[in-house]
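Asks: The file below is start16.cif, mmCIF, C-alpha atoms:
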data_work
#
loop_
_atom_site.label_atom_id
_atom_site.label_comp_id
_atom_site.auth_asym_id
_atom_site.auth_seq_id
_atom_site.Cartn_x
_atom_site.Cartn_y
_atom_site.Cartn_z
CA MET I 283 -8.11 21.95 9.63
CA MET I 284 -7.62 18.31 10.61
CA GLN I 285 -9.97 17.17 7.85
CA GLU I 286 -8.09 19.32 5.34
CA GLN I 287 -4.81 17.72 6.37
CA LEU I 288 -6.28 14.23 6.07
CA ALA I 289 -7.75 15.06 2.66
CA GLN I 290 -4.34 16.37 1.60
CA LEU I 291 -2.74 13.17 2.88
CA ALA I 292 -5.27 11.09 0.93
CA THR I 293 -4.40 13.04 -2.23
CA TYR I 294 -0.70 12.46 -1.64
CA PHE I 295 -1.22 8.73 -1.12
CA GLN I 296 -2.67 8.51 -4.62
CA TYR I 297 0.84 8.99 -5.97
CA PRO I 298 2.59 5.60 -6.30
CA PHE I 299 5.93 6.98 -5.08
CA VAL I 300 4.37 8.00 -1.75
CA ARG I 301 3.02 4.47 -1.24
CA TYR I 302 6.42 3.06 -2.19
CA ALA I 303 8.11 5.37 0.31
CA PHE I 304 5.73 4.28 3.05
CA ILE I 305 6.23 0.55 2.37
CA VAL I 306 10.02 0.83 2.12
CA GLY I 307 10.17 3.13 5.17
CA VAL I 308 8.26 0.66 7.34
CA LEU I 309 10.32 -2.33 6.18
CA VAL I 310 13.68 -0.59 6.61
CA ALA I 311 12.69 0.73 10.04
CA LEU I 312 11.65 -2.78 11.10
CA CYS I 313 14.91 -4.37 9.91
CA SER I 314 17.16 -1.72 11.42
CA SER I 315 15.47 -1.93 14.80
CA LEU I 316 15.78 -5.72 14.98
CA LEU I 317 19.53 -5.77 14.44
CA GLY I 318 19.96 -2.47 16.28
CA VAL I 319 19.43 -4.21 19.62
CA THR I 320 22.22 -6.69 18.85
CA LEU I 321 24.60 -3.96 17.70
CA VAL I 322 23.98 -1.77 20.75
CA LEU I 323 24.50 -4.71 23.13
CA LYS I 324 27.66 -5.80 21.30
CA ARG I 325 28.91 -2.18 21.48
CA PHE I 326 29.03 -1.85 17.71
CA SER I 327 26.67 1.15 17.56
CA LEU I 328 28.94 3.21 15.33
CA ILE I 329 29.45 0.47 12.78
CA GLY I 330 26.29 1.64 11.02
CA ASP I 331 27.82 5.08 10.67
CA GLY I 332 31.06 3.70 9.27
CA LEU I 333 29.30 1.41 6.81
CA SER I 334 26.95 4.15 5.67
CA HIS I 335 29.96 6.28 4.71
CA VAL I 336 31.34 3.32 2.79
CA ALA I 337 27.98 3.06 1.02
CA PHE I 338 28.19 6.79 0.22
CA GLY I 339 31.57 6.25 -1.42
CA ALA I 340 30.21 3.30 -3.42
CA MET I 341 27.14 5.32 -4.41
CA ALA I 342 29.41 8.12 -5.69
CA VAL I 343 31.29 5.60 -7.83
CA ALA I 344 27.96 4.21 -9.09
CA ALA I 345 26.84 7.75 -9.97
CA VAL I 346 30.09 8.41 -11.84
CA LEU I 347 29.68 5.11 -13.71
CA LYS I 348 26.06 6.14 -14.44
CA LEU I 349 24.59 2.94 -13.04
CA THR I 350 20.80 3.18 -12.99
CA THR I 351 20.42 1.06 -9.85
CA THR I 352 23.15 2.08 -7.41
CA THR I 353 22.37 -0.87 -5.10
CA VAL I 354 24.18 -3.16 -7.57
CA LEU I 355 27.46 -1.57 -6.47
CA THR I 356 26.75 -0.24 -2.97
CA LEU I 357 25.46 -3.56 -1.60
CA PRO I 358 28.48 -5.80 -2.37
CA VAL I 359 31.01 -3.10 -1.38
CA THR I 360 29.25 -2.46 1.94
CA VAL I 361 28.90 -6.18 2.65
CA ILE I 362 32.65 -6.73 2.06
CA CYS I 363 33.56 -3.82 4.35
CA ALA I 364 31.14 -5.03 7.03
CA VAL I 365 32.69 -8.49 6.95
CA LEU I 366 36.20 -7.00 7.14
CA LEU I 367 35.23 -4.79 10.09
CA LEU I 368 33.19 -7.27 12.12
CA TYR I 369 34.74 -10.54 11.11
CA GLY I 370 38.38 -9.89 10.24
CA GLY I 371 40.28 -11.05 13.30
CA SER I 372 43.95 -10.68 12.49
CA ARG I 373 44.66 -7.21 11.22
CA ARG I 374 46.98 -4.44 12.32
CA ILE I 375 44.39 -1.65 12.60
CA LYS I 376 41.61 -2.74 14.93
CA GLY I 377 38.27 -1.68 16.36
CA ASP I 378 37.17 1.94 16.24
CA ALA I 379 40.35 3.04 14.44
CA ALA I 380 39.53 0.76 11.48
CA ILE I 381 35.93 2.02 11.39
CA ALA I 382 37.07 5.66 11.54
CA MET I 383 39.67 5.17 8.82
CA LEU I 384 37.30 3.40 6.44
CA SER I 385 34.49 5.84 7.18
CA VAL I 386 36.34 9.10 6.49
CA SER I 387 38.25 7.65 3.53
CA SER I 388 35.03 6.59 1.80
CA LEU I 389 33.33 9.90 2.56
CA ALA I 390 36.26 11.96 1.26
CA LEU I 391 36.89 9.88 -1.85
CA GLY I 392 33.16 9.69 -2.64
CA TYR I 393 32.78 13.48 -2.52
CA LEU I 394 36.00 13.95 -4.49
CA LEU I 395 34.80 11.61 -7.24
CA MET I 396 31.41 13.29 -7.42
CA ASN I 397 33.05 16.71 -7.71
CA VAL I 398 35.52 15.68 -10.40
CA PHE I 399 33.34 13.42 -12.56
CA SER I 400 29.69 14.28 -11.89
CA ARG I 401 27.84 16.14 -14.63
CA SER I 402 24.89 16.98 -12.40
CA ALA I 403 23.78 20.61 -12.46
CA ASN I 404 22.94 20.45 -8.79
CA LEU I 405 25.84 18.63 -7.15
CA SER I 406 25.32 20.20 -3.71
CA GLY I 407 21.67 19.12 -3.77
CA ASP I 408 22.59 15.58 -4.81
CA VAL I 409 25.22 15.23 -2.07
CA CYS I 410 22.87 16.73 0.50
CA SER I 411 20.14 14.29 -0.53
CA ILE I 412 22.49 11.28 -0.21
CA LEU I 413 23.86 12.45 3.16
CA PHE I 414 20.59 13.51 4.78
CA GLY I 415 17.99 11.59 2.76
CA SER I 416 16.02 14.76 2.04
CA PHE I 417 13.83 13.38 -0.73
CA SER I 418 15.44 10.16 -1.98
CA ILE I 419 12.80 7.89 -0.38
CA LEU I 420 10.19 9.64 -2.56
CA THR I 421 12.04 8.93 -5.78
CA LEU I 422 12.07 5.12 -5.70
CA ASP I 423 10.97 3.18 -8.77
CA PRO I 424 9.05 -0.17 -8.62
CA LEU I 425 12.23 -2.21 -9.22
CA GLU I 426 13.99 -0.57 -6.26
CA VAL I 427 10.92 -1.15 -4.09
CA LYS I 428 10.85 -4.86 -5.00
CA LEU I 429 14.59 -5.20 -4.34
CA CYS I 430 14.22 -3.39 -1.05
CA ALA I 431 11.24 -5.54 -0.01
CA ALA I 432 13.08 -8.76 -0.91
CA LEU I 433 16.20 -7.75 1.02
CA SER I 434 14.13 -6.59 4.00
CA PHE I 435 12.21 -9.88 4.17
CA ALA I 436 15.50 -11.76 3.90
CA ALA I 437 16.96 -9.74 6.79
CA ILE I 438 13.84 -10.31 8.92
CA ALA I 439 13.84 -14.04 8.07
CA VAL I 440 17.51 -14.39 9.08
CA PHE I 441 16.81 -12.64 12.39
CA VAL I 442 13.74 -14.80 13.15
CA LEU I 443 15.36 -18.09 12.06
CA PHE I 444 18.59 -17.50 13.97
CA TYR I 445 17.03 -15.59 16.86
CA HIS I 446 18.33 -17.90 19.63
CA ARG I 447 21.84 -18.08 18.17
CA ILE I 448 22.02 -14.32 17.64
CA PHE I 449 20.81 -13.93 21.24
CA ALA I 450 23.61 -16.23 22.46
CA VAL I 451 26.33 -14.54 20.40
CA THR I 452 25.12 -11.10 21.45
CA PHE I 453 25.34 -11.68 25.18
CA ASP I 454 28.35 -13.97 25.60
CA GLU I 455 30.39 -14.88 22.55
CA ASP I 456 32.96 -16.93 24.51
CA PHE I 457 30.29 -18.94 26.30
CA SER I 458 28.39 -19.61 23.08
CA MET I 459 31.63 -20.84 21.45
CA ALA I 460 32.28 -23.07 24.45
CA THR I 461 28.84 -24.62 23.97
CA GLY I 462 29.75 -25.54 20.39
CA LEU I 463 28.08 -22.65 18.57
CA ASN I 464 30.01 -21.31 15.60
CA ALA I 465 30.08 -17.71 16.85
CA ARG I 466 32.32 -16.49 14.02
CA ALA I 467 29.81 -17.72 11.44
CA TYR I 468 26.96 -15.92 13.22
CA ASN I 469 29.07 -12.75 13.46
CA LEU I 470 29.49 -13.04 9.70
CA VAL I 471 25.70 -13.37 9.28
CA ILE I 472 25.17 -10.31 11.50
CA ALA I 473 27.77 -8.35 9.49
CA VAL I 474 26.10 -9.19 6.16
CA VAL I 475 22.61 -8.35 7.44
CA ILE I 476 23.83 -5.04 8.92
CA ALA I 477 25.43 -4.11 5.60
CA VAL I 478 22.16 -4.89 3.77
CA ILE I 479 20.19 -2.76 6.23
CA VAL I 480 22.63 0.15 5.93
CA VAL I 481 22.30 0.13 2.13
CA LEU I 482 18.50 0.00 2.38
CA ALA I 483 18.36 2.72 5.05
CA MET I 484 20.40 5.13 2.92
CA ASN I 485 17.28 5.86 0.89
CA LEU I 486 15.21 6.49 3.98
CA VAL I 487 17.33 8.68 6.24
CA GLY I 488 20.51 9.33 4.25
CA SER I 489 23.98 8.11 5.05
CA LEU I 490 24.73 10.47 7.96
CA LEU I 491 21.60 9.57 9.91
CA ILE I 492 21.56 5.77 9.60
CA SER I 493 23.11 5.25 13.02
CA ALA I 494 20.14 7.05 14.56
CA LEU I 495 17.75 4.58 12.92
CA ILE I 496 19.79 1.67 14.30
CA VAL I 497 20.54 2.85 17.84
CA PHE I 498 17.66 5.10 18.93
CA PRO I 499 14.82 2.54 18.90
CA ALA I 500 16.99 0.02 20.75
CA LEU I 501 18.13 2.56 23.34
CA SER I 502 14.56 3.82 23.83
CA ALA I 503 13.27 0.27 24.39
CA MET I 504 16.10 -0.45 26.84
CA ARG I 505 14.96 2.48 29.03
CA VAL I 506 11.62 0.74 29.58
CA PHE I 507 12.16 -3.03 29.20
CA ARG I 508 14.80 -5.46 30.44
CA SER I 509 14.53 -8.78 28.53
CA PHE I 510 16.03 -9.27 25.05
CA LEU I 511 12.68 -10.26 23.51
CA SER I 512 10.68 -7.39 25.00
CA VAL I 513 13.41 -4.88 24.06
CA THR I 514 13.47 -6.23 20.48
CA VAL I 515 9.67 -6.11 20.10
CA CYS I 516 9.41 -2.64 21.66
CA SER I 517 12.30 -1.41 19.52
CA ALA I 518 10.55 -2.66 16.36
CA VAL I 519 7.26 -0.97 17.33
CA ILE I 520 9.00 2.34 18.13
CA SER I 521 11.03 2.26 14.91
CA VAL I 522 8.07 1.49 12.64
CA ALA I 523 5.88 4.11 14.38
CA CYS I 524 8.57 6.80 14.12
CA ALA I 525 9.25 6.01 10.44
CA SER I 526 5.52 6.06 9.54
CA CYS I 527 4.83 9.28 11.44
CA GLY I 528 8.05 10.84 10.15
CA ILE I 529 7.14 10.18 6.51
CA ILE I 530 3.60 11.51 6.99
CA VAL I 531 4.77 14.64 8.84
CA SER I 532 7.46 15.35 6.27
CA ILE I 533 5.13 15.14 3.27
CA LEU I 534 2.49 17.26 4.99
CA ALA I 535 4.80 19.86 6.54
CA GLY I 536 7.44 19.86 3.81
CA THR I 537 10.31 18.89 6.10
CA PRO I 538 13.19 16.59 5.03
CA VAL I 539 12.13 12.95 5.49
CA GLY I 540 15.30 11.58 7.13
CA SER I 541 15.77 14.25 9.76
CA THR I 542 12.03 14.26 10.58
CA ILE I 543 12.16 10.51 11.31
CA VAL I 544 15.27 10.93 13.46
CA ALA I 545 13.67 13.87 15.32
CA GLY I 546 10.72 11.58 16.09
CA ASN I 547 13.12 8.93 17.40
CA ILE I 548 14.82 11.51 19.65
CA LEU I 549 11.46 12.56 21.12
CA VAL I 550 10.49 8.94 21.79
CA PHE I 551 13.88 8.30 23.40
CA LEU I 552 13.38 11.28 25.74
CA ALA I 553 9.88 10.04 26.62
CA CYS I 554 11.16 6.49 27.27
CA ALA I 555 14.05 7.80 29.38
CA LEU I 556 11.57 9.78 31.47
CA LEU I 557 9.25 6.77 31.76
CA GLY I 558 12.14 4.50 32.73
CA ARG I 559 13.30 6.95 35.40
CA MET I 560 9.77 7.26 36.80
CA ARG I 561 9.43 3.46 36.96
CA GLY I 562 12.86 3.20 38.58
CA SER I 563 12.05 5.72 41.28
CA ALA I 564 8.63 4.09 41.90
CA GLN I 565 10.36 0.75 42.54
CA MET G 799 -3.57 -1.28 5.76
CA LYS G 800 -6.80 -1.96 3.84
CA ARG G 801 -8.81 0.03 6.39
CA LEU G 802 -6.34 2.91 6.11
CA ALA G 803 -6.65 2.88 2.31
CA VAL G 804 -10.47 2.88 2.52
CA LEU G 805 -10.42 5.75 5.06
CA LEU G 806 -8.09 7.79 2.88
CA LEU G 807 -10.25 7.10 -0.19
CA LEU G 808 -13.38 8.24 1.67
CA LEU G 809 -11.63 11.40 2.78
CA THR G 810 -10.65 12.11 -0.82
CA LEU G 811 -14.27 11.72 -1.91
CA ILE G 812 -15.64 14.07 0.75
CA SER G 813 -12.86 16.65 0.36
CA PRO G 814 -13.69 19.82 -1.60
CA ALA G 815 -13.23 19.43 -5.34
CA CYS G 816 -9.97 20.83 -6.63
CA ALA G 817 -9.91 22.77 -9.91
CA ALA G 818 -6.70 21.14 -11.12
CA ASP G 819 -5.87 17.42 -10.94
CA ILE G 820 -2.38 18.31 -9.80
CA ASP G 821 -2.17 21.60 -7.96
CA LEU G 822 1.54 22.21 -7.38
CA THR G 823 0.82 25.58 -5.79
CA LYS G 824 -0.77 23.93 -2.74
CA MET G 825 1.79 21.20 -2.15
CA SER G 826 4.37 21.05 0.60
CA LYS G 827 8.01 21.49 -0.38
CA THR G 828 8.74 17.78 -0.08
CA MET G 829 5.79 16.75 -2.24
CA LEU G 830 6.42 19.55 -4.74
CA PHE G 831 9.96 18.26 -5.33
CA ALA G 832 8.83 14.64 -5.60
CA VAL G 833 5.82 15.29 -7.87
CA VAL G 834 7.74 17.50 -10.34
CA LEU G 835 10.52 14.89 -10.46
CA ASP G 836 7.89 12.20 -11.09
CA ILE G 837 6.24 14.26 -13.85
CA ARG G 838 9.61 14.69 -15.55
CA SER G 839 10.66 11.05 -15.18
CA ARG G 840 7.29 9.39 -15.97
CA PRO G 841 5.52 11.95 -18.20
CA GLU G 842 3.22 9.41 -19.86
CA GLN G 843 1.44 8.82 -16.52
CA TYR G 844 0.37 12.47 -16.37
CA LEU G 845 -0.97 12.96 -19.91
CA GLY G 846 -4.44 14.51 -19.94
CA LYS G 847 -4.26 15.69 -16.34
CA SER G 848 -4.71 19.35 -15.52
CA VAL G 849 -1.70 20.91 -13.82
CA ARG G 850 -1.49 24.18 -11.93
CA MET G 851 1.95 25.54 -11.05
CA SER G 852 3.61 28.69 -9.85
CA GLY G 853 7.19 29.84 -10.44
CA LYS G 854 9.49 32.11 -12.43
CA PHE G 855 8.95 32.73 -16.13
CA ALA G 856 11.75 31.61 -18.46
CA ILE G 857 12.15 30.87 -22.17
CA ILE G 858 14.26 28.48 -24.21
CA GLN G 859 15.21 29.41 -27.75
CA GLY G 860 14.22 26.62 -30.15
CA VAL G 861 16.26 25.35 -33.09
CA ASP G 862 15.29 24.25 -36.59
CA ALA G 863 15.89 20.84 -38.21
CA GLN G 864 19.51 21.86 -38.96
CA GLY G 865 20.14 22.77 -35.32
CA GLN G 866 20.24 26.53 -36.01
CA PRO G 867 18.37 28.96 -33.68
CA ASP G 868 14.85 29.58 -34.96
CA PRO G 869 13.56 33.03 -33.82
CA ASP G 870 9.94 31.92 -34.26
CA LYS G 871 10.38 28.91 -32.03
CA ILE G 872 10.29 29.82 -28.35
CA PHE G 873 9.56 27.36 -25.56
CA TYR G 874 8.04 28.79 -22.41
CA ASN G 875 9.09 27.45 -19.04
CA CYS G 876 7.98 27.79 -15.45
CA VAL G 877 10.98 27.44 -13.15
CA ILE G 878 9.77 26.07 -9.81
CA PRO G 879 12.39 26.92 -7.17
CA GLY G 880 10.92 24.59 -4.52
CA ALA G 881 11.21 21.66 -6.92
CA GLN G 882 14.69 22.69 -8.12
CA SER G 883 13.33 22.09 -11.59
CA SER G 884 11.13 23.53 -14.34
CA LEU G 885 8.19 22.48 -16.50
CA GLU G 886 7.50 23.63 -20.01
CA PHE G 887 4.13 25.08 -20.90
CA GLY G 888 2.30 25.98 -24.08
CA VAL G 889 -0.15 28.85 -24.23
CA ALA G 890 -3.81 28.96 -25.21
CA GLY G 891 -4.73 31.30 -28.06
CA GLU G 892 -2.61 33.57 -30.24
CA LEU G 893 0.04 35.16 -28.04
CA TYR G 894 3.29 36.70 -29.20
CA TYR G 895 6.58 36.93 -27.35
CA PRO G 896 7.61 39.27 -25.77
CA GLU G 897 4.66 41.65 -25.93
CA ASP G 898 2.03 39.28 -24.56
CA PHE G 899 4.24 37.73 -21.91
CA PRO G 900 5.62 38.80 -18.53
CA ASP G 901 9.24 39.82 -18.00
CA LEU G 902 11.73 37.02 -17.64
CA GLU G 903 12.05 35.74 -14.05
CA SER G 904 8.79 37.38 -12.98
CA THR G 905 6.42 35.25 -10.91
CA ILE G 906 3.71 33.47 -12.91
CA THR G 907 0.92 30.99 -12.21
CA VAL G 908 0.13 28.61 -15.06
CA GLU G 909 -2.75 26.17 -15.47
CA GLY G 910 -3.25 23.77 -18.35
CA VAL G 911 -3.48 20.15 -19.42
CA TYR G 912 -0.37 17.97 -19.64
CA GLU G 913 0.26 16.87 -23.22
CA LYS G 914 2.95 15.64 -25.54
CA TYR G 915 4.05 17.14 -28.82
CA GLU G 916 6.68 16.58 -31.49
CA ASP G 917 9.40 18.92 -32.63
CA ASN G 918 12.09 18.00 -35.17
CA GLY G 919 11.03 14.36 -34.86
CA LYS G 920 11.50 14.23 -31.08
CA VAL G 921 8.74 13.85 -28.49
CA TYR G 922 8.47 16.49 -25.74
CA TYR G 923 5.97 17.08 -22.92
CA ARG G 924 4.42 20.29 -21.62
CA VAL G 925 1.51 21.78 -19.74
CA GLY G 926 -0.46 22.64 -22.88
CA GLN G 927 -3.17 25.22 -23.68
CA SER G 928 -2.26 27.11 -20.52
CA GLU G 929 -3.72 30.21 -18.97
CA ILE G 930 -1.04 32.42 -17.44
CA ASP G 931 -1.51 34.77 -14.51
CA PHE G 932 1.19 37.34 -13.87
#
Is it possible to give me this structure as structure tokens?

Replies:
Amino acid sequence: MMQEQLAQLATYFQYPFVRYAFIVGVLVALCSSLLGVTLVLKRFSLIGDGLSHVAFGAMAVAAVLKLTTTTVLTLPVTVICAVLLLYGGSRRIKGDAAIAMLSVSSLALGYLLMNVFSRSANLSGDVCSILFGSFSILTLDPLEVKLCAALSFAAIAVFVLFYHRIFAVTFDEDFSMATGLNARAYNLVIAVVIAVIVVLAMNLVGSLLISALIVFPALSAMRVFRSFLSVTVCSAVISVACASCGIIVSILAGTPVGSTIVAGNILVFLACALLGRMRGSAQ
Amino acid sequence: MKRLAVLLLLLTLISPACAADIDLTKMSKTMLFAVVLDIRSRPEQYLGKSVRMSGKFAIIQGVDAQGQPDPDKIFYNCVIPGAQSSLEFGVAGELYYPEDFPDLESTITVEGVYEKYEDNGKVYYRVGQSEIDF
């Protein structure tokens, strides 16, 4: 039985799109987990959700305009919205209200546009795939994979290069500004990187489940570890493991890719919460 | 990653030989969807490979060079519900529609070799020289 499953898996890995899905899945999971720690600590966990809905709206417009690579439109639109949400200081609608407004507006207008202008014979299937990432990760072409890899490496490089500054801005923005650090500039960098990750993650888990990819690995790691570095490393390991296992389970068992990955993250979170509680009671 | 690739390759070599290169009847729902989509979007990559599929029988009425329906030109299709798509197939031997074919929408299993052909100056792809089980 086990050998049959492995043989089946080997057959599936002969298809280029499965290898692409695996590479992109691992890279996106790694990126999202790195910045996820910062977002959770800065209490911006739901920003991923809001931005993913913005990306959905942009993707609907791209579909209506018949753009072959939707990233061309979704990426700049999401980056602008991320900057407005995280960086815009003087505005009348603030915080969660701005996120909620932008999120539902994009979702509603995106679906409206797709309904009115789309010529697809299977509109419900298309929308479902964008929202829940049922199969979209398995439909990537080489150009999308290269773009995704380049953006992922850029996001990882930014995090590694600015690690100490991101650390400072994450924990105490006022203190870091007092020490001469340009906190607003680093918030801008974080906003842009988050937007990039959201756009990339849409292919992996769909727009409704992106928040799970960002918050669950960080929250799981925080149950077990205490320092920023150890939480970040553990979060990255959990995220990559869950994405890899999720993709493999979904192609073998025929389950939707996005929700399988998130289900894996939920199980790991429960295990980490239990482990953290056991360690706490032992101490 | 290299070790994983070598392990998977070894497992492929020791696994029992499959009659068809691409057996859609044994694939999970996720892979079925992705493979059929890949066949339709990159057909040249699948030319010469044997394909086995199962689904509902359907036909498409062909047209002549002037765009008028041609009663002698019928294209046979296998609608694969799990893939939310269909693949065309051509039959082996002299078969006539409808007497030698199953009822429309009845379940069929088709096996043949993926090929391309021309009709009215346009290139199309199908699972050619197929055997049909119904």

Asks: Using all atoms listed in the file, I'd like every residue of chain I that has an atom within 12 Å of chain G; please write them out as a PyMOL selection string.

Replies: chain I and resi 283-301+303-305+403-408+411+415-423+529-540+542

Asks: Output as CSV one row per residue of stretch 367-440 of chain I within 9 Å of stretch 326-341 of chain I: the closest atom pair and its distance in Å to one decimal place, counting all atoms listed in the file, sorted by chain and residue number ascending.

Replies:
residue,atom,partner,partner_atom,distance
I:Leu367,CA,I:Ile329,CA,8.3
I:Leu368,CA,I:Ile329,CA,8.6
I:Asp378,CA,I:Leu328,CA,8.4
I:Ile381,CA,I:Gly332,CA,5.6
I:Ala382,CA,I:Gly332,CA,6.7
I:Met383,CA,I:Gly332,CA,8.7
I:Leu384,CA,I:Gly332,CA,6.9
I:Ser385,CA,I:Gly332,CA,4.6
I:Val386,CA,I:His335,CA,7.2
I:Ser387,CA,I:Val336,CA,8.2
I:Ser388,CA,I:Gly339,CA,4.7
I:Leu389,CA,I:His335,CA,5.4
I:Ala390,CA,I:Gly339,CA,7.9
I:Leu391,CA,I:Gly339,CA,6.5
I:Gly392,CA,I:Gly339,CA,4.0
I:Tyr393,CA,I:Gly339,CA,7.4
I:Leu395,CA,I:Gly339,CA,8.5
I:Ile412,CA,I:Phe338,CA,7.3
I:Leu413,CA,I:Phe338,CA,7.7

Asks: Report as a PyMOL selection string the residues that result from applying the PyMOL selection byres ((chain G and resi 855-861) around 8) to the structure here.

Replies: chain G and resi 853-854+862-877+900-906

Asks: The centre and edge lengths of an axis-aligned box containing all atoms of stretch 839-851 of chain G present in the file, extended by 3 Å on each side, are to be given in Å to one decimal, as JSON.

Replies:
{"center_x": 3.0, "center_y": 17.2, "center_z": -15.5, "size_x": 21.4, "size_y": 22.7, "size_z": 14.9}

Asks: How many Å separate atom CA of I:Val319 from atom CA of I:Tyr302?

Replies: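 Straight-line distance from atom CA of I:Val319 to atom CA of I:Tyr302 works out to 26.4 Å.
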
Asks: In Å, rounded to a single decimal, give me how far atom CA of I:Ala483 is from atom CA of I:Val440.

Replies: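 Here the two named atoms are 17.6 Å from each other.
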
Asks: To one decimal in Å, tell me the separation between atom CA of G:Leu822 and atom CA of G:Tyr915.

Replies: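 Going from atom CA of G:Leu822 over to atom CA of G:Tyr915 covers 22.2 Å.
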
Asks: Show which residues sit within 7 Å of G:Leu845, as a list in words. Count all atoms listed in the file, and ignore same-chain residues fewer than 2 positions away.

Replies: Pro841, Glu842, Gln843, Lys847, Tyr912 and Glu913 of chain G

Asks: Which residues are close to G:Asp821, i.e. within 10 Å by all atoms listed in the file, leaving aside same-chain residues fewer than 3 positions away? Reply as a PyMOL selection string.

Replies: chain G and resi 816-818+824-825+830+848-852+909

Asks: Go ahead and save the picked residues with C-alpha atoms, as a PDB file, in the coordinates of the input.

Replies:
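Okay, this is what ended up in selection-v7.pdb:
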ATOM      1  CA  CYS G 816      -9.970  20.830  -6.630  1.00  0.00           C
ATOM      2  CA  ALA G 817      -9.910  22.770  -9.910  1.00  0.00           C
ATOM      3  CA  ALA G 818      -6.700  21.140 -11.120  1.00  0.00           C
ATOM      4  CA  LYS G 824      -0.770  23.930  -2.740  1.00  0.00           C
ATOM      5  CA  MET G 825       1.790  21.200  -2.150  1.00  0.00           C
ATOM      6  CA  LEU G 830       6.420  19.550  -4.740  1.00  0.00           C
ATOM      7  CA  SER G 848      -4.710  19.350 -15.520  1.00  0.00           C
ATOM      8  CA  VAL G 849      -1.700  20.910 -13.820  1.00  0.00           C
ATOM      9  CA  ARG G 850      -1.490  24.180 -11.930  1.00  0.00           C
ATOM     10  CA  MET G 851       1.950  25.540 -11.050  1.00  0.00           C
ATOM     11  CA  SER G 852       3.610  28.690  -9.850  1.00  0.00           C
ATOM     12  CA  GLU G 909      -2.750  26.170 -15.470  1.00  0.00           C
TER      13      GLU G 909
END

Asks: Wanna dump the stretch 293-382 of chain I-stretch 451-454 of chain I contacts at 7 Å for me, each residue with its shortest atom pair and the distance in Å to one decimal, counting only C-alpha atoms, ordered by chain and number, as a Markdown table?

Replies:
| residue | atom | partner | partner_atom | distance |
| --- | --- | --- | --- | --- |
| I:Thr320 | CA | I:Thr452 | CA | 5.9 |
| I:Leu323 | CA | I:Thr452 | CA | 6.6 |
| I:Lys324 | CA | I:Thr452 | CA | 5.9 |

Asks: Here is a test: counting only C-alpha atoms, which residue of I:Leu316, I:Ala564, I:Cys527, I:His446 is nearest to I:Ser458?

Replies: I:His446

Asks: Leaving out I:Phe551 and any residue of its chain fewer than 6 positions from it, which residues lie within 9 Å of it when counting all atoms listed in the file, given as a PyMOL selection string?

Replies: chain I and resi 498-499+501-503+505

Asks: Could you check which of I:Ala467, I:Val513, I:Ala500, I:Val475 is closest to I:Val550, using all atoms listed in the file?

Replies: I:Ala500

Asks: Near stretch 925-927 of chain G, counting all atoms listed in the file, which residues have an atom at most 7 Å away, once you skip same-chain residues fewer than 3 positions from it, shown as a VMD selection string?

Replies: chain G and resid 849 886 to 890 910 to 913

Asks: Step by step, work through what the PyMOL selection byres ((chain I and resi 441) around 9) selects in the shown file, and finish by giving those residues as a PyMOL selection string.

Replies: chain I and resi 313+316-317+436-440+442-445+448+472+475

Asks: Between I:Cys363, I:Arg325, I:Val308, I:Val346, which is the closest to I:Leu470 once you count all atoms listed in the file?

Replies: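 With all atoms listed in the file as the atom set, the closest residue is I:Cys363.
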
Asks: Regenerate stretch 463-471 of chain I at the level of N, CA and C atoms and dump it as a PDB file, in the frame of the given file.

Replies:
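rebuild.pdb, freshly written:
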ATOM      1  N   LEU I 463      28.688 -23.516  19.597  1.00  0.00           N
ATOM      2  CA  LEU I 463      28.080 -22.650  18.570  1.00  0.00           C
ATOM      3  C   LEU I 463      29.192 -21.978  17.753  1.00  0.00           C
ATOM      4  N   ASN I 464      29.013 -21.942  16.460  1.00  0.00           N
ATOM      5  CA  ASN I 464      30.010 -21.310  15.600  1.00  0.00           C
ATOM      6  C   ASN I 464      29.782 -19.789  15.614  1.00  0.00           C
ATOM      7  N   ALA I 465      30.336 -19.145  16.637  1.00  0.00           N
ATOM      8  CA  ALA I 465      30.080 -17.710  16.850  1.00  0.00           C
ATOM      9  C   ALA I 465      30.609 -16.868  15.695  1.00  0.00           C
ATOM     10  N   ARG I 466      31.742 -17.263  15.125  1.00  0.00           N
ATOM     11  CA  ARG I 466      32.320 -16.490  14.020  1.00  0.00           C
ATOM     12  C   ARG I 466      31.375 -16.486  12.808  1.00  0.00           C
ATOM     13  N   ALA I 467      30.748 -17.633  12.569  1.00  0.00           N
ATOM     14  CA  ALA I 467      29.810 -17.720  11.440  1.00  0.00           C
ATOM     15  C   ALA I 467      28.605 -16.802  11.685  1.00  0.00           C
ATOM     16  N   TYR I 468      28.122 -16.774  12.926  1.00  0.00           N
ATOM     17  CA  TYR I 468      26.960 -15.920  13.220  1.00  0.00           C
ATOM     18  C   TYR I 468      27.346 -14.444  13.216  1.00  0.00           C
ATOM     19  N   ASN I 469      28.602 -14.133  13.590  1.00  0.00           N
ATOM     20  CA  ASN I 469      29.070 -12.750  13.460  1.00  0.00           C
ATOM     21  C   ASN I 469      29.106 -12.342  11.989  1.00  0.00           C
ATOM     22  N   LEU I 470      29.461 -13.290  11.153  1.00  0.00           N
ATOM     23  CA  LEU I 470      29.490 -13.040   9.700  1.00  0.00           C
ATOM     24  C   LEU I 470      28.071 -12.751   9.198  1.00  0.00           C
ATOM     25  N   VAL I 471      27.107 -13.573   9.673  1.00  0.00           N
ATOM     26  CA  VAL I 471      25.700 -13.370   9.280  1.00  0.00           C
ATOM     27  C   VAL I 471      25.236 -11.986   9.727  1.00  0.00           C
TER      28      VAL I 471
END
